[in-house]
Amino acid sequence: MESEQAVFYSRLLTELTLSFHIIYATIGVGIPFLIFLAQWLGIKKQDEHYILLARRWTRGFVITVAVGVVTGTAIGLQLNLLWPTFMELAGHVIALPLFMETFAFFFEAIFLGIYLYTWDRFRDQRKHMLLLVPVAIGASFSAVFITMVNAFMNAPQGFELMNGELINVEPLVAMFNPAMPTKVAHVVATAYMTSAFVLAAIGAFRLLKGSNHIYHKKALLLTLKVGLVFSIASAIIGDFAGKYLAEYQPEKLAAMEWHFETEEQASLTLLGFLANGEEIKFSIEVPYALSILAHGDPNAEVIGLDQFAEDEIPPLYIHYLFNIMVVIGMITMIIALFYIVGNALNRTFIRNRFFLWLIVSSGPLSMIAIEAGWWLAEVGRQPWVLRGILRTENAATTSNHVDFMLLLFIGLYLVLGLASVIVLTRMFKNNPVERELLDQQRNGG
Amino acid sequence: MSYEIIGIVVLWLFLFGYIIVASIDFGAGFFHAYSVLTNKHHIISKIVQRYLSPVWEVTNVFLVFFFVGIVGFFPSTAYYYGTILLVPASLSLILLAIRGAYYAFTTYGKLRSKFWTYLYGFSGLFIPASLSIVLTISEGGFVEENNNELSLQYATLFTSPLTWSIVILSLTSVLYISAVFLTWYANKAKDQPATDLLRKYALIWAGPAIITATGIIVELRTHNPVHFQRMLDLWWMFALSGILFIATIYLIWQKKSYGLAFFLLTGQFFIAFYAYGISHYPYLLYPYLTIDEGFTSEGMAIALITAFIAGFCLLIPSLWLLLRLFLFNKDYVEGKIK
């Protein structure tokens with residue numbers, strides 16, 4: 001196989017594994033926090049419904065964790081197999097957070113195992129609830145550490161290159177790179193946000209399918225409140241991320257905003273599509289907005305693509321990915337806001353079928369936003385795997401069998417994805433909440 | 001002690017940990033599948049389920065620890081092993097994925113069918129077989145370097161008796177380790193029929209395990225004389241390991257102190273595993289990579305070791321809690337509480 005092809009298939013396989021893993025990883029980071037909230041509310045309000053919510057979420061959660069564990073192992077090992085040159089370099093400089101991620105996950109796995117099997121062991125329910133604290137911390141810190149590595153790929157620092165040798169390596173400086181704060185915050189906040197909308201979507205779906213139980217309404221209100229808080233947080237962090245990009249990765253910002261000429265008082269291009277290379281059609285231009293996004297000042301100068309060599313700018317289609325992410329973020333934020341306000345004012349439109357379908361859509365939509373966001377992050381860094389240091393084309397394996405491995409993993413992810421959907425739907429269909437509540441009443445006395 | 005020695009000793013410890021916990025896990029899955037096949041599952045499936053349920057995720061993490069750690073301490077391994085292991089490691093990954101996911105699907109998702117039990121049980125044997133290939137490759141002779149490109153010589157690899165001996169050793173040890181542990185566990189659960197059956201398995205697999213292990217040492221004499229000579233220098237460690245093996249078998253034969261027997265077995269494997277590791281020194285991959293050439297910078301080494309100690313302080317109490325609640329909790333083991 002030509003090495004060009006090896007690079008192509010390596011990129012494809014990495015993209016596939018990441019895209020599949022991120023679904024389970026996002027849920028895995030966000031849901032423990034929501035389970036904790038539900039159980040805490042249940043104990044505080046002495047409300048069986050919230051406790052049951054925590055129980056049922058946990059049951060579904062373990063399935064997604066299991067798939068997340070295996071796809072996480074896959075991506076961890078695959079990075080070494082597909083990008084040996086990159087990993088050798090990364091091993092020298094950014095191995096520390098990778099190593100710590102394993103600890104965070106280990107911590108989470110141990111306490112999740114304990115939590116799962118000890119529902120009836122503690123007389124004091126609060127002790128059982130406390131087991132979730134290490135689970136949630138471990139899950140969130142896994143995301144923090146891994147995102148630190150990704151941030152490093154965007155803003156490598158903490159070492160010097162001398163004749164191809166790495167010297168003066170400072171692991172902590174590499175970890176706390178300039179891309180780190182906004183990236184980590186954005187990943188964690190959107191994980192909470194997406195998990196909340198996914199759970200809200202399930203609740204809304206049950207209401208649409210004929211159940212009118214107060215249980216689902218409680219679930220909806222709780223999850224949409226969390227969704228609203230974290231979608232607002234994600235948007236604010238996104239604004240900071242724009243300022244980071246303007247400072248450290250101006251080519252990425254310029255490509256995702258289709259900002260061709262360096263100028264002051266730059267306007268922001270929303271939507272639109274690109275014809276004949278550089279002609280933007282059907283877009284909305286917001287005056288001064290790009291200067292504000294980039295520097296917090298309507299008169300500031302924003303560097304455009306004209307300042308970069310042709311072979312050092314990312315593909316321009318990342319503008320679409322950026323728009324998908326932002327538009328979905330706005331839509332889900334508005335849905336959550338309407339529900340919460342409508343609920344507070346006792347309006348009936350929130351029980352309207354159309355509105356419930358909107359809530360159902362917020363789950364898959366926010367997952368699409370997560371995917372778009374990661375593609376934006378990864379494609380937007382091209383042509384570099386390590387910005388300014390190592391090009392993607394020089395980092396891939398020289399092995400001849402990547403195309404075959406790609407087929408194998410496509411098969412694996414199809415099986416895992418289908419099976420997890422089948423298992424999850426069967427699990428909750430065969431044991432609807434109404435029946436479980438009845439069973440509890442019977443057993444409880 | 002130099003940093004690279006500390007690094008490799010720690011990593012070796014994780015790999016050892018993985019070998020023990022994963023062997024128990026793989027073997028348990030196999031015995032379970034086998035008992036379904038021979039209609040004896042009423043005897044041992046309870047024991048197997050009870051043990052496996054809370055610990056399966058933990059098993060996987062040991063392996064992840066090892067490969068993340070080795071890339072951290074010895075970044076060059078990412079380049080060498082990453083390039084040559086694309087196919088074998090990807091296959092192991094797929095097997096691990098199927099096994100891990102379907103464990104969760106059947107246990108938590110109540111997806112019960114004999115097909116998955118078999119798939120789960122038998123994939124558990126293929127995983128150690130495919131992972132053990134890495135040890136074979138590390139002995140050298142299977143990798144070629146042409147114009148700065150490394151490639152694995154599949155034909156040489158799959159026709160070498162060394163490859164197949166190591167594969168068989170991995171299988172027999174998995175079944176032996178697992179049977180001894182589960183005998184102890186069943187005995188603690190006061191489950192007499194299961195104890196008897198598992199004790200029989202332990203005695204059956206002890207012989208093949210020790211014979212293949214000895215066979216491999218003999219084969220190394222021709223395959224890698226340098227390594228063989230270094231192993232001879234460490235004869236006392238292998239002898240000690242052999243004594244522990246005999247003591248374990250004696251205890252199981254006499255039907256007493258199963259707990260001590262498992263402890264001695266761990267000791268036997270621990271000593272043999274470290275003896276193998278020490279004699280492998282200084283090569284990570286014969287003859288391309290030694291631990292000195294492949295080592296990371298001092299700053300990173302100190303950071304990793306610090307992180308390791310801090311993480312360890314966090315993990316040991318948590319692991320202890322897990323074991324206390326499930327493995328050493330009398331009521332749980334005996335099935336009195338869920």
# chains A, B, ... in the order shown; residues from 1 in each chain; ligands from 1

$ closest_atom_pairs --of "chain B" --to "chain A" --cutoff "6 Å" --atoms "only C-alpha atoms" --output "tab-separated table"
residue	atom	partner	partner_atom	distance
B:Pro54	CA	A:Gly113	CA	4.9
B:Val71	CA	A:Gly91	CA	5.4
B:Gly72	CA	A:Ala95	CA	4.8
B:Pro75	CA	A:Glu88	CA	4.6
B:Ser76	CA	A:Glu88	CA	5.5
B:Ala78	CA	A:Glu88	CA	5.3
B:Tyr79	CA	A:Pro84	CA	4.4
B:Gly82	CA	A:Leu81	CA	4.2
B:Thr83	CA	A:Leu81	CA	5.9
B:Leu86	CA	A:Leu81	CA	5.2
B:Ala97	CA	A:Val70	CA	5.0
B:Ala101	CA	A:Val67	CA	5.6
B:Gly109	CA	A:Val423	CA	5.6
B:Thr296	CA	A:His92	CA	5.6
B:Met300	CA	A:Pro171	CA	5.9
B:Leu304	CA	A:Leu96	CA	5.9

$ select_by_dssp --residues "range 213-336 of chain B" --states "helix (DSSP H, G or I)" --output "PyMOL selection string"
chain B and resi 213-223+225-233+235-253+258-280+298-327+330-333

$ write_last_selection --atoms "C-alpha atoms" --output "mmCIF file, in the first residue's frame"
data_model
loop_
_atom_site.group_PDB
_atom_site.id
_atom_site.type_symbol
_atom_site.label_atom_id
_atom_site.label_comp_id
_atom_site.auth_asym_id
_atom_site.auth_seq_id
_atom_site.Cartn_x
_atom_site.Cartn_y
_atom_site.Cartn_z
ATOM 1 C CA ALA B 213 6.396 -23.501 30.851
ATOM 2 C CA THR B 214 9.459 -25.750 31.013
ATOM 3 C CA GLY B 215 9.212 -26.455 27.305
ATOM 4 C CA ILE B 216 9.439 -22.759 26.487
ATOM 5 C CA ILE B 217 12.672 -22.357 28.429
ATOM 6 C CA VAL B 218 14.135 -25.222 26.412
ATOM 7 C CA GLU B 219 12.970 -23.705 23.110
ATOM 8 C CA LEU B 220 14.539 -20.374 23.970
ATOM 9 C CA ARG B 221 17.910 -22.111 23.995
ATOM 10 C CA THR B 222 17.869 -22.228 20.218
ATOM 11 C CA HIS B 223 15.655 -19.242 19.531
ATOM 12 C CA PRO B 225 20.553 -18.016 23.325
ATOM 13 C CA VAL B 226 21.323 -14.689 25.057
ATOM 14 C CA HIS B 227 18.016 -14.738 26.851
ATOM 15 C CA PHE B 228 18.369 -18.427 27.620
ATOM 16 C CA GLN B 229 21.755 -17.903 29.238
ATOM 17 C CA ARG B 230 20.409 -15.082 31.383
ATOM 18 C CA MET B 231 17.580 -17.328 32.469
ATOM 19 C CA LEU B 232 20.036 -20.012 33.543
ATOM 20 C CA ASP B 233 21.787 -17.416 35.684
ATOM 21 C CA TRP B 235 17.950 -20.672 38.000
ATOM 22 C CA TRP B 236 17.260 -20.184 41.699
ATOM 23 C CA MET B 237 14.224 -18.017 40.991
ATOM 24 C CA PHE B 238 12.744 -20.603 38.685
ATOM 25 C CA ALA B 239 13.516 -23.306 41.243
ATOM 26 C CA LEU B 240 11.737 -21.310 43.950
ATOM 27 C CA SER B 241 8.776 -20.886 41.641
ATOM 28 C CA GLY B 242 8.758 -24.654 41.047
ATOM 29 C CA ILE B 243 8.716 -25.343 44.793
ATOM 30 C CA LEU B 244 5.736 -23.052 45.232
ATOM 31 C CA PHE B 245 4.006 -24.911 42.403
ATOM 32 C CA ILE B 246 4.513 -28.251 44.153
ATOM 33 C CA ALA B 247 3.296 -26.809 47.453
ATOM 34 C CA THR B 248 0.135 -25.468 45.800
ATOM 35 C CA ILE B 249 -0.632 -28.826 44.230
ATOM 36 C CA TYR B 250 0.011 -30.599 47.508
ATOM 37 C CA LEU B 251 -2.487 -28.400 49.350
ATOM 38 C CA ILE B 252 -5.148 -28.838 46.692
ATOM 39 C CA TRP B 253 -4.564 -32.571 46.542
ATOM 40 C CA TYR B 258 -7.336 -23.434 49.492
ATOM 41 C CA GLY B 259 -6.706 -19.793 50.359
ATOM 42 C CA LEU B 260 -3.055 -20.465 51.098
ATOM 43 C CA ALA B 261 -2.870 -22.546 47.907
ATOM 44 C CA PHE B 262 -4.015 -19.614 45.810
ATOM 45 C CA PHE B 263 -1.589 -17.350 47.629
ATOM 46 C CA LEU B 264 1.288 -19.744 46.850
ATOM 47 C CA LEU B 265 0.170 -19.943 43.226
ATOM 48 C CA THR B 266 0.296 -16.164 42.978
ATOM 49 C CA GLY B 267 3.792 -16.350 44.427
ATOM 50 C CA GLN B 268 4.801 -18.994 41.910
ATOM 51 C CA PHE B 269 3.662 -16.907 38.959
ATOM 52 C CA PHE B 270 5.031 -13.717 40.484
ATOM 53 C CA ILE B 271 8.534 -15.123 40.850
ATOM 54 C CA ALA B 272 8.534 -16.819 37.459
ATOM 55 C CA PHE B 273 7.157 -13.709 35.776
ATOM 56 C CA TYR B 274 9.791 -11.466 37.316
ATOM 57 C CA ALA B 275 12.531 -13.994 36.601
ATOM 58 C CA TYR B 276 11.441 -13.973 32.983
ATOM 59 C CA GLY B 277 11.343 -10.173 33.016
ATOM 60 C CA ILE B 278 14.751 -9.761 34.650
ATOM 61 C CA SER B 279 16.352 -12.174 32.188
ATOM 62 C CA HIS B 280 14.706 -10.263 29.332
ATOM 63 C CA GLU B 298 14.000 12.452 33.554
ATOM 64 C CA GLY B 299 11.374 15.145 34.110
ATOM 65 C CA MET B 300 8.631 12.938 32.698
ATOM 66 C CA ALA B 301 9.860 9.925 34.633
ATOM 67 C CA ILE B 302 9.668 11.801 37.932
ATOM 68 C CA ALA B 303 6.220 13.155 37.049
ATOM 69 C CA LEU B 304 4.930 9.695 36.132
ATOM 70 C CA ILE B 305 6.324 8.060 39.247
ATOM 71 C CA THR B 306 4.827 10.816 41.421
ATOM 72 C CA ALA B 307 1.468 10.423 39.707
ATOM 73 C CA PHE B 308 1.740 6.699 40.142
ATOM 74 C CA ILE B 309 2.362 6.921 43.877
ATOM 75 C CA ALA B 310 -0.461 9.427 44.341
ATOM 76 C CA GLY B 311 -2.812 7.300 42.283
ATOM 77 C CA PHE B 312 -1.812 4.196 44.161
ATOM 78 C CA CYS B 313 -2.645 5.828 47.493
ATOM 79 C CA LEU B 314 -6.101 6.501 46.087
ATOM 80 C CA LEU B 315 -6.601 3.079 44.562
ATOM 81 C CA ILE B 316 -5.416 0.746 47.277
ATOM 82 C CA PRO B 317 -8.101 1.779 49.807
ATOM 83 C CA SER B 318 -10.738 1.673 47.059
ATOM 84 C CA LEU B 319 -9.692 -1.781 45.915
ATOM 85 C CA TRP B 320 -9.639 -2.912 49.510
ATOM 86 C CA LEU B 321 -13.200 -1.656 49.935
ATOM 87 C CA LEU B 322 -14.274 -3.528 46.801
ATOM 88 C CA LEU B 323 -12.685 -6.751 47.994
ATOM 89 C CA ARG B 324 -14.084 -6.355 51.487
ATOM 90 C CA LEU B 325 -17.608 -5.839 50.222
ATOM 91 C CA PHE B 326 -17.631 -8.666 47.712
ATOM 92 C CA LEU B 327 -14.697 -11.037 47.816
ATOM 93 C CA LYS B 330 -18.935 -13.865 54.051
ATOM 94 C CA ASP B 331 -22.613 -13.112 53.532
ATOM 95 C CA TYR B 332 -22.047 -11.966 49.968
ATOM 96 C CA VAL B 333 -19.897 -14.935 49.010
#

$ closest_residue --among "B:Gly7, B:Gly100, B:Gly140, B:Gly69" --to "Ala22 in chain B" --atoms "only C-alpha atoms"
B:Gly100

$ residues_around --residues "range 43-45 of chain B" --least-positions-apart "2" --cutoff "8 Å" --atoms "only C-alpha atoms" --output "list of chain:residue names"
B:His32, B:Ser35, B:Lys40, B:His41, B:Ile47, B:Val48, B:Gln49, B:Pro193, B:Ala194

$ atom_distance --atom1 "CA of Phe33 in chain A" --atom2 "CA of Arg353 in chain A"
29.0 Å

$ atom_distance --atom1 "CA of Val149 in chain A" --atom2 "CA of Phe308 in chain A"
25.5 Å

$ select_by_dssp --residues "range 140-207 of chain B" --states "strand (DSSP E or B)" --output "PyMOL selection string"
chain B and resi 143-146+149-152

$ atom_distance --atom1 "CA of Leu131 in chain B" --atom2 "CA of Phe73 in chain B"
20.6 Å
